[in-house]
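Okay, protein.cif is below, mmCIF, C-alpha atoms:
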```
data_query
#
loop_
_atom_site.label_atom_id
_atom_site.label_comp_id
_atom_site.auth_asym_id
_atom_site.auth_seq_id
_atom_site.Cartn_x
_atom_site.Cartn_y
_atom_site.Cartn_z
CA MET A 26 23.56 -18.03 -13.16
CA ILE A 27 20.11 -18.08 -14.77
CA TYR A 28 18.48 -16.94 -11.54
CA GLY A 29 20.83 -13.96 -11.33
CA ALA A 30 20.22 -13.03 -14.95
CA LEU A 31 16.45 -13.20 -14.50
CA LYS A 32 16.65 -11.21 -11.28
CA VAL A 33 18.21 -8.42 -13.33
CA SER A 34 16.05 -8.81 -16.45
CA VAL A 35 12.75 -9.34 -14.59
CA GLY A 36 13.29 -8.18 -11.02
CA VAL A 37 14.78 -4.77 -11.82
CA PRO A 38 12.01 -3.74 -14.29
CA LEU A 39 9.44 -5.05 -11.81
CA LYS A 40 10.85 -2.82 -9.07
CA LEU A 41 11.06 0.18 -11.38
CA ALA A 42 7.52 -0.23 -12.71
CA PHE A 43 5.68 -1.03 -9.47
CA ARG A 44 8.06 0.46 -6.86
CA PRO A 45 7.15 -1.97 -4.06
CA TRP A 46 7.73 -0.62 -0.56
CA VAL A 47 9.42 -2.84 2.01
CA GLU A 48 9.54 -2.84 5.80
CA GLY A 49 11.74 -5.10 7.94
CA LEU A 50 14.30 -6.03 5.31
CA GLU A 51 16.89 -6.28 8.10
CA ASN A 52 15.04 -9.37 9.40
CA ILE A 53 16.24 -11.47 6.45
CA PRO A 54 19.47 -13.20 7.53
CA ALA A 55 22.52 -12.44 5.42
CA GLU A 56 23.39 -16.13 5.31
CA GLY A 57 22.17 -19.50 6.45
CA PRO A 58 18.84 -21.27 5.99
CA ALA A 59 15.50 -19.67 6.80
CA ILE A 60 11.85 -20.32 6.02
CA LEU A 61 9.93 -17.35 4.63
CA ALA A 62 6.25 -17.91 5.51
CA SER A 63 3.98 -15.52 3.63
CA ASN A 64 0.32 -14.85 3.07
CA HIS A 65 -0.75 -15.49 -0.52
CA LEU A 66 -2.84 -12.92 -2.37
CA SER A 67 -1.61 -13.11 -5.94
CA PHE A 68 0.34 -15.09 -8.51
CA SER A 69 2.81 -12.19 -8.43
CA ASP A 70 3.77 -12.75 -4.77
CA SER A 71 6.48 -15.19 -5.83
CA PHE A 72 8.00 -12.46 -8.02
CA PHE A 73 7.75 -9.34 -5.86
CA LEU A 74 9.34 -10.91 -2.78
CA PRO A 75 12.47 -12.24 -4.56
CA ALA A 76 12.74 -8.93 -6.44
CA VAL A 77 13.36 -6.98 -3.21
CA LEU A 78 15.74 -9.49 -1.60
CA ASP A 79 19.46 -9.85 -2.28
CA ARG A 80 19.40 -13.58 -1.59
CA LYS A 81 17.81 -16.27 -3.74
CA VAL A 82 14.41 -17.53 -2.62
CA THR A 83 13.08 -20.93 -3.67
CA PHE A 84 9.33 -21.46 -3.71
CA ILE A 85 7.31 -24.54 -4.51
CA ALA A 86 4.82 -24.27 -7.36
CA LYS A 87 2.00 -26.59 -8.38
CA ALA A 88 3.11 -29.37 -10.70
CA GLU A 89 0.71 -28.25 -13.46
CA TYR A 90 3.06 -25.34 -14.19
CA PHE A 91 5.72 -27.87 -15.16
CA THR A 92 3.65 -30.48 -16.96
CA THR A 93 1.25 -28.50 -19.16
CA PRO A 94 1.72 -29.63 -22.79
CA GLY A 95 2.28 -27.37 -25.79
CA PHE A 96 4.62 -24.49 -26.49
CA LYS A 97 3.14 -22.25 -23.79
CA GLY A 98 3.41 -25.07 -21.28
CA ARG A 99 7.06 -25.70 -22.11
CA MET A 100 7.87 -22.00 -21.86
CA THR A 101 6.11 -21.75 -18.50
CA ALA A 102 7.97 -24.78 -17.17
CA ALA A 103 11.30 -23.40 -18.39
CA PHE A 104 10.63 -20.07 -16.71
CA PHE A 105 9.70 -21.57 -13.36
CA LYS A 106 12.71 -23.85 -13.39
CA SER A 107 15.02 -20.97 -14.27
CA VAL A 108 13.85 -18.90 -11.30
CA GLY A 109 14.37 -21.81 -8.92
CA GLN A 110 10.75 -22.86 -8.43
CA LEU A 111 10.23 -26.50 -7.47
CA PRO A 112 7.24 -28.53 -8.69
CA VAL A 113 4.93 -29.99 -6.07
CA ASP A 114 2.30 -32.64 -6.66
CA ARG A 115 -0.67 -31.62 -4.52
CA SER A 116 -2.56 -34.87 -5.05
CA GLY A 117 -2.80 -37.66 -2.54
CA ALA A 118 -3.81 -37.75 1.07
CA ARG A 119 -1.07 -35.52 2.39
CA GLY A 120 -0.44 -33.67 -0.85
CA ALA A 121 1.64 -30.54 -0.75
CA GLY A 122 2.72 -31.04 2.88
CA GLU A 123 4.98 -34.00 2.14
CA ALA A 124 6.28 -32.37 -1.03
CA ALA A 125 7.04 -29.14 0.84
CA ILE A 126 9.05 -31.00 3.45
CA LYS A 127 11.05 -32.97 0.91
CA SER A 128 11.76 -29.96 -1.30
CA GLY A 129 12.31 -27.61 1.61
CA MET A 130 14.83 -29.82 3.36
CA GLY A 131 17.00 -29.82 0.26
CA VAL A 132 16.95 -26.02 0.25
CA MET A 133 17.67 -25.89 3.99
CA GLU A 134 20.64 -28.24 3.62
CA ARG A 135 22.11 -25.87 1.03
CA GLY A 136 21.79 -23.00 3.51
CA GLU A 137 19.31 -21.09 1.36
CA LEU A 138 15.96 -19.35 1.76
CA PHE A 139 12.78 -21.36 1.25
CA GLY A 140 9.48 -19.59 0.62
CA ILE A 141 6.19 -21.20 1.58
CA TYR A 142 2.54 -20.15 1.69
CA PRO A 143 1.00 -21.76 4.80
CA GLU A 144 -2.54 -21.17 3.48
CA GLY A 145 -1.74 -23.64 0.69
CA THR A 146 -3.43 -21.59 -2.02
CA ARG A 147 -4.25 -18.00 -2.88
CA SER A 148 -6.84 -16.23 -0.78
CA PRO A 149 -10.13 -16.08 -2.72
CA ASP A 150 -11.21 -12.76 -1.21
CA GLY A 151 -8.22 -10.98 0.32
CA ARG A 152 -8.76 -12.36 3.82
CA LEU A 153 -6.22 -14.48 5.71
CA TYR A 154 -7.12 -18.14 6.10
CA ARG A 155 -6.07 -20.94 8.41
CA GLY A 156 -2.54 -22.24 7.86
CA ARG A 157 -1.88 -25.85 6.97
CA PRO A 158 0.52 -27.39 9.49
CA GLY A 159 1.80 -30.25 7.34
CA GLY A 160 4.49 -28.43 5.38
CA LEU A 161 5.45 -25.36 7.39
CA ALA A 162 5.52 -26.77 10.93
CA ARG A 163 7.15 -30.09 10.09
CA LEU A 164 9.78 -28.39 7.96
CA ALA A 165 10.55 -25.87 10.69
CA LEU A 166 10.98 -28.60 13.30
CA ALA A 167 12.92 -30.95 11.02
CA SER A 168 15.36 -28.28 9.87
CA GLY A 169 15.61 -26.13 12.98
CA ALA A 170 15.67 -23.07 10.69
CA PRO A 171 14.03 -19.83 11.82
CA VAL A 172 10.62 -18.96 10.40
CA ILE A 173 10.26 -15.40 9.13
CA PRO A 174 6.64 -14.20 8.79
CA ILE A 175 5.96 -12.04 5.75
CA ALA A 176 2.92 -10.05 4.67
CA MET A 177 2.27 -9.17 1.06
CA ILE A 178 0.14 -6.02 0.82
CA ASP A 179 -2.25 -5.16 -2.06
CA THR A 180 -0.70 -7.56 -4.58
CA GLU A 181 -4.16 -8.95 -5.36
CA LYS A 182 -5.21 -5.50 -6.61
CA ILE A 183 -2.50 -5.40 -9.28
CA GLN A 184 -3.89 -8.22 -11.40
CA PRO A 185 -7.19 -9.63 -10.11
CA PRO A 186 -8.39 -12.96 -11.53
CA GLY A 187 -9.62 -12.55 -15.09
CA LYS A 188 -7.65 -9.36 -15.72
CA VAL A 189 -5.01 -9.51 -18.45
CA MET A 190 -3.32 -6.14 -18.00
CA PRO A 191 -1.83 -5.43 -14.57
CA LYS A 192 -2.61 -2.20 -12.76
CA LEU A 193 0.40 -0.02 -12.00
CA MET A 194 0.34 0.53 -8.26
CA ARG A 195 2.66 0.11 -5.31
CA PRO A 196 2.35 -3.19 -3.45
CA GLY A 197 3.92 -3.57 -0.04
CA ILE A 198 5.99 -6.18 1.78
CA ARG A 199 6.29 -6.33 5.58
CA ILE A 200 8.88 -8.69 7.00
CA GLY A 201 8.61 -9.70 10.63
CA GLY A 202 11.26 -10.85 13.04
CA PRO A 203 12.45 -14.49 12.95
CA LEU A 204 10.50 -16.97 15.04
CA ASP A 205 12.41 -19.62 16.99
CA PHE A 206 10.60 -22.89 17.64
CA SER A 207 13.46 -24.81 19.26
CA ARG A 208 11.23 -25.29 22.32
CA TYR A 209 9.34 -27.87 20.26
CA ASN A 210 12.41 -29.96 19.36
CA GLY A 211 11.59 -33.66 19.20
CA MET A 212 7.85 -33.01 19.01
CA GLU A 213 7.46 -32.95 15.24
CA HIS A 214 4.97 -35.83 15.37
CA ASP A 215 2.67 -34.14 17.87
CA ARG A 216 -0.26 -32.78 15.87
CA PHE A 217 -1.12 -30.28 18.61
CA VAL A 218 2.39 -28.86 18.45
CA LEU A 219 2.19 -28.64 14.65
CA ARG A 220 -1.12 -26.81 14.95
CA ALA A 221 0.17 -24.43 17.65
CA LEU A 222 3.32 -23.60 15.66
CA THR A 223 1.34 -22.90 12.51
CA ASP A 224 -1.22 -20.77 14.33
CA GLU A 225 1.57 -18.71 15.89
CA VAL A 226 3.04 -17.99 12.46
CA MET A 227 -0.37 -17.10 11.03
CA TYR A 228 -1.00 -14.74 13.96
CA GLU A 229 2.24 -12.92 13.18
CA ILE A 230 1.31 -12.69 9.50
CA MET A 231 -2.10 -11.32 10.48
CA LYS A 232 -0.49 -8.60 12.60
CA LEU A 233 1.82 -7.66 9.74
CA SER A 234 -0.84 -7.70 7.01
CA GLY A 235 -3.82 -6.30 8.88
CA GLN A 236 -6.02 -8.87 7.15
CA GLU A 237 -9.22 -10.24 8.60
CA TYR A 238 -8.55 -13.79 9.79
CA VAL A 239 -10.91 -16.64 8.90
CA ASP A 240 -10.48 -19.90 10.81
CA ILE A 241 -11.13 -22.24 7.89
CA TYR A 242 -8.87 -23.41 5.09
CA ALA A 243 -8.78 -21.30 1.94
CA THR A 244 -9.63 -24.36 -0.16
CA ALA A 245 -12.87 -24.78 1.81
CA ALA A 246 -13.62 -21.08 1.35
CA LYS A 247 -13.11 -21.42 -2.38
CA ARG A 248 -15.56 -24.33 -2.47
CA GLN A 249 -18.10 -22.30 -0.50
CA ILE A 250 -17.71 -19.33 -2.83
CA ALA A 251 -18.03 -21.59 -5.88
CA ASP A 252 -21.12 -23.28 -4.42
CA GLU A 253 -22.70 -19.93 -3.61
CA ALA A 254 -21.96 -18.63 -7.09
CA LYS A 255 -23.45 -21.79 -8.58
CA ALA A 256 -26.55 -21.48 -6.40
CA GLN A 257 -26.93 -17.82 -7.32
CA LYS A 258 -26.58 -18.62 -11.00
CA GLN A 259 -29.18 -21.38 -10.66
CA ALA A 260 -31.53 -19.02 -8.80
CA GLN A 261 -31.11 -16.40 -11.54
CA LYS A 262 -31.80 -19.06 -14.15
CA GLU A 263 -34.95 -20.17 -12.32
CA ALA A 264 -36.07 -16.55 -11.90
CA GLN A 265 -35.52 -15.90 -15.60
CA LYS A 266 -37.45 -19.04 -16.50
CA GLU A 267 -40.31 -18.03 -14.19
CA SER A 268 -40.32 -14.54 -15.71
CA GLN A 269 -40.49 -15.99 -19.21
CA GLN A 270 -43.33 -18.30 -18.19
CA GLU A 271 -45.18 -15.38 -16.58
CA THR A 272 -44.72 -13.35 -19.76
CA GLN A 273 -46.09 -16.25 -21.80
CA ARG A 274 -49.09 -16.59 -19.45
CA GLU A 275 -49.81 -12.87 -19.73
CA ALA A 276 -49.51 -13.04 -23.51
CA GLN A 277 -51.86 -16.03 -23.64
CA LYS A 278 -54.30 -14.25 -21.32
CA GLU A 279 -54.26 -11.12 -23.47
CA ALA A 280 -54.68 -13.23 -26.62
CA GLY A 281 -57.65 -14.97 -25.04
CA GLN A 282 -59.22 -11.71 -24.02
CA ALA A 283 -58.68 -10.30 -27.51
CA GLN A 284 -60.30 -13.38 -28.99
CA GLU A 285 -63.25 -13.02 -26.65
CA ARG A 286 -63.70 -9.41 -27.72
CA THR A 287 -63.46 -10.44 -31.37
CA ASP A 288 -66.02 -13.17 -30.84
CA ALA A 289 -68.33 -10.74 -29.04
CA ASP A 290 -68.02 -8.22 -31.85
CA GLU A 291 -68.78 -10.88 -34.44
CA THR A 292 -71.81 -12.04 -32.44
CA GLY A 293 -73.08 -8.45 -32.24
CA GLU A 294 -72.67 -7.96 -35.95
CA THR A 295 -74.59 -11.19 -36.65
CA ASP A 296 -77.45 -10.15 -34.33
CA ARG A 297 -77.77 -6.76 -35.99
CA SER A 298 -77.79 -8.37 -39.46
CA ASN A 299 -80.56 -10.77 -38.47
CA SER A 300 -82.69 -7.99 -37.09
#
```
Would you write out, as structure tokens, the structure that this file holds?
Amino acid sequence: MIYGALKVSVGVPLKLAFRPWVEGLENIPAEGPAILASNHLSFSDSFFLPAVLDRKVTFIAKAEYFTTPGFKGRMTAAFFKSVGQLPVDRSGARGAGEAAIKSGMGVMERGELFGIYPEGTRSPDGRLYRGRPGGLARLALASGAPVIPIAMIDTEKIQPPGKVMPKLMRPGIRIGGPLDFSRYNGMEHDRFVLRALTDEVMYEIMKLSGQEYVDIYATAAKRQIADEAKAQKQAQKEAQKESQQETQREAQKEAGQAQERTDADETGETDRSNS
């Protein structure tokens, strides 16, 4: 009931304002369980995709959205719950993978659509990163549900990190054909199978999105970018410090030279007086 009301109150204005274009809508099954595996460019991905589908989509969201204290935190938690988002604790050794399987199986058993981002986090630079096999592959094999690859297009340009006001532009959504992995039945504990299944899904997403593929995890890329930014900031700080020291040395040199000239002038005046 709440999901339907929000789909009208939020989804309809979203579609009218941004006019997202969609390709492959016929690939979404009219009924039955399915896993929607999408690239992840923006916070808004979890809103644009459900807005263009007739069926309810359940995503997992990081637990912080549900546990943040204060009025804003409670409002955020209430909103995510109302739109069917499930909290996931990403801590621990296996983190979001185990949580995705547990949450996803419940959705599959109800015959619904479950949305998942195989990259595990938003892309830091618009490129497509290596998929994590823990949640997607194990859920696909445990449930037997088809995996539908999805590409979100240009959603990161609507509201880049740090921007408050979104930019009115048309994002895109490309929906690929369902992928059947029944050939891997009974092999859900084979890590090579999990890797192969995940890579196949990511390849399909890459074809749909046209993104450059990077064979590392997005979390590692974020650390690299943060480390590079930190190093650059430190280098700028050192350069600024060196510049200030150079300015001080030049000022001291000029002051010394001025003093020498003053002393020379005073010496000349004294010599002339004595003569």
**Message:** With distances taken over only C-alpha atoms, which residue among A:Val226, A:Leu166, A:Met212, A:Val218 lies nearest A:Pro143?
**Reply:**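 Closest to A:Pro143 of all the choices is A:Val226.
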**Message:** Using only C-alpha atoms, which protein or nucleic acid residues come within 7 Å of stretch 169-174 of chain A? Drop anything in the same chain fewer than 6 positions from it, and give the result as a list in words.
**Reply:**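 Contacts, in chain order: Pro58, Ala59, Ile60, Leu61, Ala62, Ser63, Ile200, Gly201, Gly202, Pro203, Leu204, Asp205, Ser207, Val226, Glu229 and Ile230 of chain A.
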**Message:** I'd like the interatomic distance between atom CA of A:Val82 and atom CA of A:Pro149, to a tenth of an Å.
**Reply:**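 So the answer is 24.6 Å.
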**Item:** Explicit residues for the PyMOL selection byres ((chain A and resi 121-138) around 10) (as a VMD selection string)
**Value:** chain A and resid 53 to 54 56 to 61 80 to 87 111 to 120 139 to 141 143 145 157 to 165 167 to 170
**Asked** With all atoms listed in the file as the basis for distance, which of A:Gly156, A:Gln236, A:Val77, A:Gln270 is at the shortest distance from A:Asp179?
**Response**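 Nearest to A:Asp179: A:Gln236.
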**Item:** atom CA of A:Leu78 to atom CA of A:Gly235, distance in Å rounded to a single decimal
**Value:**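 It comes out at 22.4 Å.
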**Item:** Expected selection from the PyMOL selection byres ((chain A and resi 192-194) around 9), given as an MDAnalysis selection string
**Value:** chainID A and resid 42:45 179:180 182:184 190:191 195:196
**Asked** For the atom pair atom CA of A:Glu225 and atom CA of A:Arg155, what is the interatomic distance in Å to one decimal place?
**Response**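 Result for atom CA of A:Glu225 versus atom CA of A:Arg155: 10.9 Å, one decimal.
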**Message:** Counting only C-alpha atoms, which residue out of A:Phe68, A:Thr272, A:Arg152, A:Asp252 sits closest to A:Asp240?
**Reply:**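 Residue with the minimum atom-to-atom distance to A:Asp240: A:Arg152.
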